[in-house]
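This report refers to the structure that appears directly beneath it.
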Amino acid sequence: MGITIVFIDPTGKEHTVEAVAGESLMQAATAAQIPGIEASCGGNCICATCHCHIDERWFAKLRAADTLEQDTLACTNEPQPTSRLSCQVPLTDALNGMIVRVAASQH
């Protein structure tokens, strides 16, 4: 059984995606062509074009962002307390049903 993730794009449209444990949130988003997840660096935590906001109910279930991710997020236009780079969020069965809002601006 897969992991269901609900992405909400910058226009407010919901996209339900089936993902696999072990892949990153970014991989699931790019495979499903979620609008706003550009992933220009391919998941190397350097471009922030996969910036998203994790729903508060799910944020505490994620491992903490490391220093590189925190520094990269600090350079985004709209960092929030629940901001993450989707390339740095490994998917697990515990995240089934997670809600993710795509940041309006990735630059």
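Residue numbering restarts at 1 in every chain; chains get A, B, ... in the order shown in the structure tokens, and ligands count up from 1 in that same order.
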Using only C-alpha atoms, which residues sit within 7 Å of segment 50-67 of chain A once same-chain residues fewer than 3 positions away are excluded, as a PDB file with C-alpha atoms, in the first residue's frame?
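Result file is out_36.pdb:
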ATOM      1  CA  MET A  26      10.176  16.120  -3.933  1.00  0.00           C
ATOM      2  CA  ILE A  37       7.760  22.187  -7.387  1.00  0.00           C
ATOM      3  CA  GLU A  38      10.552  22.877  -9.853  1.00  0.00           C
ATOM      4  CA  ALA A  39      13.369  20.959  -8.116  1.00  0.00           C
ATOM      5  CA  GLN A  70      17.878  25.669   7.342  1.00  0.00           C
ATOM      6  CA  ASP A  71      20.390  27.951   5.610  1.00  0.00           C
ATOM      7  CA  THR A  82       6.627  24.868   8.855  1.00  0.00           C
ATOM      8  CA  SER A  83       8.797  25.445   5.758  1.00  0.00           C
ATOM      9  CA  ARG A  84      10.777  22.525   4.392  1.00  0.00           C
ATOM     10  CA  LEU A  85      12.597  21.656   1.217  1.00  0.00           C
ATOM     11  CA  SER A  86      10.659  18.719  -0.151  1.00  0.00           C
ATOM     12  CA  CYS A  87      13.914  17.113  -1.340  1.00  0.00           C
ATOM     13  CA  MET A  98       0.125  14.411   4.888  1.00  0.00           C
ATOM     14  CA  ILE A  99      -0.973  17.807   3.573  1.00  0.00           C
ATOM     15  CA  VAL A 100       1.660  19.961   1.868  1.00  0.00           C
ATOM     16  CA  ARG A 101       1.238  23.504   0.576  1.00  0.00           C
ATOM     17  CA  VAL A 102       3.538  24.497  -2.275  1.00  0.00           C
ATOM     18  CA  ALA A 103       5.217  27.849  -1.629  1.00  0.00           C
ATOM     19  CA  GLN A 106      10.416  29.439  -5.180  1.00  0.00           C
TER      20      GLN A 106
END
Shell of 8 Å around segment 10-24 of chain A, only C-alpha atoms, local chain residues under 4 positions omitted, as a ChimeraX atom specification: /A:2-6,28-29,32,34-36,86-93,101-104
